[in-house]
Each structure stands twice: as structure tokens, then as C-alpha cells.
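Participant: protein.pdb is the file, holding PDB, C-alpha atoms, pLDDT in the B column:
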```pdb
MODEL        1
ATOM      1  CA  MET S   1      -5.014  13.289  22.550  1.00 60.00           C
ATOM      2  CA  SER S   2      -4.774   9.976  24.359  1.00 72.00           C
ATOM      3  CA  LEU S   3      -7.679   8.590  26.329  1.00 83.00           C
ATOM      4  CA  ARG S   4      -5.232   6.765  28.555  1.00 79.00           C
ATOM      5  CA  PHE S   5      -5.402   8.924  31.677  1.00 82.00           C
ATOM      6  CA  VAL S   6      -5.374   6.484  34.612  1.00 80.00           C
ATOM      7  CA  THR S   7      -1.995   7.117  36.204  1.00 80.00           C
ATOM      8  CA  LYS S   8      -0.260   4.979  38.801  1.00 86.00           C
ATOM      9  CA  SER S   9      -1.333   7.543  41.396  1.00 88.00           C
ATOM     10  CA  ILE S  10      -5.016   7.490  40.367  1.00 88.00           C
ATOM     11  CA  HIS S  11      -4.955   3.701  40.353  1.00 87.00           C
ATOM     12  CA  ALA S  12      -3.451   3.666  43.862  1.00 90.00           C
ATOM     13  CA  TYR S  13      -6.363   5.779  45.141  1.00 91.00           C
ATOM     14  CA  LEU S  14      -8.859   3.284  43.682  1.00 93.00           C
ATOM     15  CA  ASP S  15      -7.302   0.108  45.080  1.00 95.00           C
ATOM     16  CA  TYR S  16      -8.376   0.174  48.742  1.00 96.00           C
ATOM     17  CA  PRO S  17     -12.007   1.239  48.144  1.00 97.00           C
ATOM     18  CA  VAL S  18     -12.375  -1.390  45.410  1.00 97.00           C
ATOM     19  CA  ALA S  19     -10.979  -4.130  47.672  1.00 98.00           C
ATOM     20  CA  ALA S  20     -13.349  -3.060  50.462  1.00 98.00           C
ATOM     21  CA  ALA S  21     -16.321  -3.017  48.066  1.00 98.00           C
ATOM     22  CA  LEU S  22     -15.508  -6.506  46.792  1.00 98.00           C
ATOM     23  CA  ILE S  23     -15.502  -7.753  50.393  1.00 98.00           C
ATOM     24  CA  VAL S  24     -18.614  -5.902  51.632  1.00 98.00           C
ATOM     25  CA  LEU S  25     -20.968  -5.670  48.639  1.00 98.00           C
ATOM     26  CA  PRO S  26     -21.769  -9.393  48.365  1.00 98.00           C
ATOM     27  CA  SER S  27     -23.411  -9.204  51.810  1.00 98.00           C
ATOM     28  CA  VAL S  28     -25.129  -5.898  51.117  1.00 98.00           C
ATOM     29  CA  LEU S  29     -26.496  -7.096  47.768  1.00 98.00           C
ATOM     30  CA  GLY S  30     -27.265 -10.643  48.865  1.00 98.00           C
ATOM     31  CA  LEU S  31     -25.088 -12.252  46.201  1.00 98.00           C
ATOM     32  CA  GLY S  32     -25.090 -16.004  45.861  1.00 97.00           C
ATOM     33  CA  ALA S  33     -28.733 -16.638  44.954  1.00 96.00           C
ATOM     34  CA  SER S  34     -27.847 -18.445  41.722  1.00 96.00           C
ATOM     35  CA  ASN S  35     -24.656 -20.018  43.058  1.00 97.00           C
ATOM     36  CA  PRO S  36     -22.922 -19.565  46.444  1.00 97.00           C
ATOM     37  CA  LEU S  37     -19.651 -19.069  44.578  1.00 98.00           C
ATOM     38  CA  ALA S  38     -20.964 -15.679  43.416  1.00 98.00           C
ATOM     39  CA  PHE S  39     -20.652 -14.512  47.028  1.00 98.00           C
ATOM     40  CA  TRP S  40     -17.290 -16.083  47.821  1.00 98.00           C
ATOM     41  CA  LEU S  41     -15.538 -15.228  44.550  1.00 98.00           C
ATOM     42  CA  SER S  42     -16.009 -11.534  45.265  1.00 98.00           C
ATOM     43  CA  VAL S  43     -14.992 -11.767  48.932  1.00 98.00           C
ATOM     44  CA  GLY S  44     -11.907 -13.842  48.110  1.00 98.00           C
ATOM     45  CA  THR S  45     -10.943 -11.510  45.281  1.00 98.00           C
ATOM     46  CA  GLY S  46     -11.387  -8.521  47.606  1.00 98.00           C
ATOM     47  CA  VAL S  47      -9.070 -10.032  50.214  1.00 98.00           C
ATOM     48  CA  ALA S  48      -6.522 -10.885  47.504  1.00 98.00           C
ATOM     49  CA  ALA S  49      -6.835  -7.346  46.071  1.00 98.00           C
ATOM     50  CA  LEU S  50      -6.179  -5.879  49.517  1.00 98.00           C
ATOM     51  CA  ILE S  51      -3.047  -7.996  49.935  1.00 98.00           C
ATOM     52  CA  LEU S  52      -1.897  -7.144  46.395  1.00 97.00           C
ATOM     53  CA  THR S  53      -2.377  -3.436  47.098  1.00 96.00           C
ATOM     54  CA  LEU S  54      -0.456  -3.621  50.369  1.00 97.00           C
ATOM     55  CA  LEU S  55       2.458  -5.247  48.532  1.00 97.00           C
ATOM     56  CA  THR S  56       2.458  -3.088  45.367  1.00 95.00           C
ATOM     57  CA  ASP S  57       5.172  -0.548  44.635  1.00 93.00           C
ATOM     58  CA  HIS S  58       2.951   2.538  44.563  1.00 91.00           C
ATOM     59  CA  GLN S  59       2.287   5.398  46.941  1.00 90.00           C
ATOM     60  CA  PHE S  60      -0.149   3.472  49.147  1.00 89.00           C
ATOM     61  CA  GLY S  61       1.688   0.153  49.209  1.00 93.00           C
ATOM     62  CA  LEU S  62       2.896  -0.614  52.722  1.00 92.00           C
ATOM     63  CA  VAL S  63       5.493  -3.225  51.758  1.00 95.00           C
ATOM     64  CA  ARG S  64       6.448  -2.283  48.204  1.00 93.00           C
ATOM     65  CA  VAL S  65       7.809  -5.583  46.911  1.00 96.00           C
ATOM     66  CA  LEU S  66       5.624  -6.195  43.845  1.00 96.00           C
ATOM     67  CA  PRO S  67       6.068  -4.131  40.696  1.00 96.00           C
ATOM     68  CA  TYR S  68       3.140  -2.040  39.564  1.00 93.00           C
ATOM     69  CA  SER S  69       3.243  -3.816  36.188  1.00 94.00           C
ATOM     70  CA  LEU S  70       2.461  -7.124  37.946  1.00 96.00           C
ATOM     71  CA  HIS S  71      -0.422  -5.429  39.758  1.00 95.00           C
ATOM     72  CA  LEU S  72      -1.860  -4.277  36.411  1.00 95.00           C
ATOM     73  CA  THR S  73      -1.499  -7.771  34.962  1.00 96.00           C
ATOM     74  CA  VAL S  74      -3.337  -9.301  37.923  1.00 97.00           C
ATOM     75  CA  ASP S  75      -6.073  -6.683  37.556  1.00 97.00           C
ATOM     76  CA  ALA S  76      -6.480  -7.534  33.870  1.00 97.00           C
ATOM     77  CA  VAL S  77      -6.772 -11.248  34.684  1.00 98.00           C
ATOM     78  CA  VAL S  78      -9.362 -10.503  37.406  1.00 98.00           C
ATOM     79  CA  GLY S  79     -11.362  -8.423  34.929  1.00 98.00           C
ATOM     80  CA  ALA S  80     -11.367 -11.268  32.420  1.00 98.00           C
ATOM     81  CA  VAL S  81     -12.308 -13.835  35.083  1.00 98.00           C
ATOM     82  CA  PHE S  82     -15.161 -11.639  36.312  1.00 98.00           C
ATOM     83  CA  LEU S  83     -16.498 -11.257  32.752  1.00 98.00           C
ATOM     84  CA  ALA S  84     -16.351 -15.021  32.201  1.00 98.00           C
ATOM     85  CA  ALA S  85     -17.591 -16.113  35.653  1.00 98.00           C
ATOM     86  CA  PRO S  86     -21.338 -15.879  34.933  1.00 98.00           C
ATOM     87  CA  PHE S  87     -20.928 -18.159  31.905  1.00 98.00           C
ATOM     88  CA  VAL S  88     -18.526 -20.597  33.560  1.00 98.00           C
ATOM     89  CA  PHE S  89     -20.338 -20.875  36.899  1.00 98.00           C
ATOM     90  CA  GLY S  90     -23.915 -20.300  35.769  1.00 98.00           C
ATOM     91  CA  PHE S  91     -24.444 -17.046  37.662  1.00 98.00           C
ATOM     92  CA  GLN S  92     -27.793 -15.488  36.841  1.00 98.00           C
ATOM     93  CA  GLY S  93     -29.691 -12.318  37.659  1.00 98.00           C
ATOM     94  CA  LEU S  94     -27.971  -9.977  40.086  1.00 98.00           C
ATOM     95  CA  ASP S  95     -25.045 -12.380  40.505  1.00 98.00           C
ATOM     96  CA  ALA S  96     -24.287 -12.248  36.770  1.00 98.00           C
ATOM     97  CA  ALA S  97     -24.836  -8.482  36.496  1.00 98.00           C
ATOM     98  CA  TYR S  98     -22.487  -7.858  39.437  1.00 98.00           C
ATOM     99  CA  TYR S  99     -19.642  -9.761  37.778  1.00 98.00           C
ATOM    100  CA  TRP S 100     -20.220  -8.332  34.326  1.00 98.00           C
ATOM    101  CA  LEU S 101     -20.279  -4.755  35.635  1.00 98.00           C
ATOM    102  CA  ASN S 102     -17.232  -5.243  37.858  1.00 98.00           C
ATOM    103  CA  GLY S 103     -15.347  -7.075  35.120  1.00 98.00           C
ATOM    104  CA  LEU S 104     -16.116  -4.321  32.640  1.00 98.00           C
ATOM    105  CA  ALA S 105     -15.012  -1.665  35.146  1.00 96.00           C
ATOM    106  CA  VAL S 106     -11.711  -3.427  35.871  1.00 96.00           C
ATOM    107  CA  VAL S 107     -10.919  -4.038  32.194  1.00 97.00           C
ATOM    108  CA  THR S 108     -11.769  -0.399  31.438  1.00 93.00           C
ATOM    109  CA  VAL S 109      -9.485   0.966  34.166  1.00 92.00           C
ATOM    110  CA  VAL S 110      -6.617  -1.275  33.057  1.00 92.00           C
ATOM    111  CA  SER S 111      -7.116  -0.348  29.404  1.00 90.00           C
ATOM    112  CA  LEU S 112      -7.079   3.356  30.284  1.00 91.00           C
ATOM    113  CA  HIS S 113      -3.777   3.013  32.149  1.00 90.00           C
ATOM    114  CA  LYS S 114      -1.337   5.734  31.139  1.00 83.00           C
ATOM    115  CA  PRO S 115       2.154   4.258  30.709  1.00 84.00           C
ATOM    116  CA  GLN S 116       4.773   5.900  32.873  1.00 75.00           C
ATOM    117  CA  ALA S 117       7.604   7.780  31.255  1.00 61.00           C
ATOM    118  CA  GLU S 118      10.774   5.820  31.756  1.00 55.00           C
ATOM    119  CA  ALA S 119      13.538   7.496  33.702  1.00 52.00           C
ATOM    120  CA  PRO S 120      16.608   8.304  31.611  1.00 53.00           C
ATOM    121  CA  ALA S 121      19.408   5.788  31.920  1.00 53.00           C
ATOM    122  CA  PRO S 122      22.387   6.990  33.948  1.00 59.00           C
ATOM    123  CA  ALA S 123      25.308   8.098  31.827  1.00 56.00           C
TER     124      ALA S 123
ENDMDL
END
```
Please express what this file holds, its structure, as C-alpha cells.
Facilitator:
Amino acid sequence: MSLRFVTKSIHAYLDYPVAAALIVLPSVLGLGASNPLAFWLSVGTGVAALILTLLTDHQFGLVRVLPYSLHLTVDAVVGAVFLAAPFVFGFQGLDAAYYWLNGLAVVTVVSLHKPQAEAPAPA
């Protein structure tokens, strides 16, 4: 039994709430105490995630011009950047915890992605 259960459809349902959370939570949590970049990195990533979602070829993409595989690659890079950000930028306390938890969540979702069955080639 495979643990890879996050389908394209499940991922699509997660995208908009995650983008909204990345934009709103820095204000709610008061991020930026250890470095103002802790606030803006999340907000900027949230805006970029919203645009990426709008352009992704999945059920909730409005202009489906970007392949889902590219979306997953971008998500993986964001997860890695979030995990590294506290070390690179000196985030401490809540700022660091926020990025480590979000980075871990993103990397986990990407790693649990269930590959799609390829459609049979036309004869």
C-alpha cells in the first residue's frame, strides 16, 4: 500500500486556502520580530502561490496554462526555501517556527503526491 495519496484534485483544494493563509497569517501572528523579511517572504510567497494556482492546469485553475508538474516543482522549491530561510536570514522564535512548520508541511504534501496514471497513447 502506497502512502502517496495526495491527488491532483486534493492538491487543487489546498492551493487557495494555503495562498490566503500565507498572505494573512503574518499579520495575525505578528511575524517579522527577528527580521522584517519574515513577514514579507510569506506575503510575497502567498501572492505568488495565488497566481501560480490561477494559472495551473487543474480543476480550480482559471487560466490553465502551466502544467501541474511545474506547480509541484515550484511547491517543492518553496518548501526547501522555507526550511532554509530561518538559517539563511537569521529568523528566530516564532518567525523561525513559522517557516519550519510551513516548509515541512509543503515538503510533506509534495512528497505524498500520487502520480497520475498516464492516458494510453492513441493507436
Participant: Apply the PyMOL selection byres ((chain S and resi 107-117) around 9) to the displayed file and report the matching residues as JSON, numbers by chain.
Facilitator: {"S": [2, 3, 4, 5, 6, 7, 8, 11, 72, 73, 75, 76, 77, 78, 79, 80, 102, 103, 104, 105, 106, 118, 119]}
Participant: Enter the distance from atom CA of His58 of chain S to atom CA of Ser27 of chain S, in Å, rounded to one decimal.
Facilitator: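 Value for the atom CA of His58 of chain S-atom CA of Ser27 of chain S distance: 29.8 Å.
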Participant: Between S:Leu55, S:Ala96, S:Ala38, S:Leu29, which residue has the minimum interatomic distance to Tyr68 of chain S, considering only C-alpha atoms?
Facilitator: S:Leu55
Participant: Excluding Pro26 of chain S and its own-chain neighbours fewer than 6 positions away, which residues fall within 10 Å of it when counting only C-alpha atoms? Please give them as a ChimeraX atom specification.
Facilitator: /S:32,38-43,95,98
Participant: If we count only C-alpha atoms and set the cut-off at 12 Å, which residues sit around Val63 of chain S, ignoring sequence neighbours fewer than 6 positions away in its own chain? Please answer as a list in words.
Facilitator: Ile51, Leu52, Thr53, Leu54, Leu55, Thr56 and Asp57 of chain S
Participant: Mind dumping the selected residues with C-alpha atoms as a PDB file, in the frame of the given file?
Facilitator:
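Contents of again.pdb, as written:
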```pdb
ATOM      1  CA  ILE S  51      -3.047  -7.996  49.935  1.00 98.00           C
ATOM      2  CA  LEU S  52      -1.897  -7.144  46.395  1.00 97.00           C
ATOM      3  CA  THR S  53      -2.377  -3.436  47.098  1.00 96.00           C
ATOM      4  CA  LEU S  54      -0.456  -3.621  50.369  1.00 97.00           C
ATOM      5  CA  LEU S  55       2.458  -5.247  48.532  1.00 97.00           C
ATOM      6  CA  THR S  56       2.458  -3.088  45.367  1.00 95.00           C
ATOM      7  CA  ASP S  57       5.172  -0.548  44.635  1.00 93.00           C
TER       8      ASP S  57
END
```
Participant: Please evaluate the PyMOL selection byres ((chain S and resi 12-17) around 8) against the structure above and give the resulting residues as a list in words.
Facilitator: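 This file gives the following for the PyMOL selection byres ((chain S and resi 12-17) around 8): Lys8, Ser9, Ile10, His11, Val18, Ala19, Ala20, Ala21, Ala49, Leu50, Thr53, His58, Gln59 and Phe60 of chain S.
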Participant: Can you work out the spacing between atom CA of Leu101 of chain S and atom CA of Thr45 of chain S in Å, to one decimal?
Facilitator: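 Atom-to-atom, atom CA of Leu101 of chain S to atom CA of Thr45 of chain S, that is 15.0 Å.
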Participant: Rounded to one decimal place, report the atom CA of Gly61 of chain S-atom CA of Leu22 of chain S distance in Å.
Facilitator: 18.6 Å
Participant: Which residue out of S:Leu70, S:Val81, S:Ile23, S:Leu94 has the minimum interatomic distance to Gly44 of chain S when all atoms listed in the file are used?
Facilitator: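 Closest to Gly44 of chain S, using all atoms listed in the file: S:Ile23.
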Participant: Centre and edge lengths of an axis-aligned box around all listed atoms of segment 68-81 of chain S, with 8 Å added on each side, are to be given in Å to one decimal, as lines of an AutoDock Vina configuration file.
Facilitator:
```
center_x = -4.5
center_y = -7.9
center_z = 36.1
size_x = 31.6
size_y = 27.8
size_z = 23.3
```
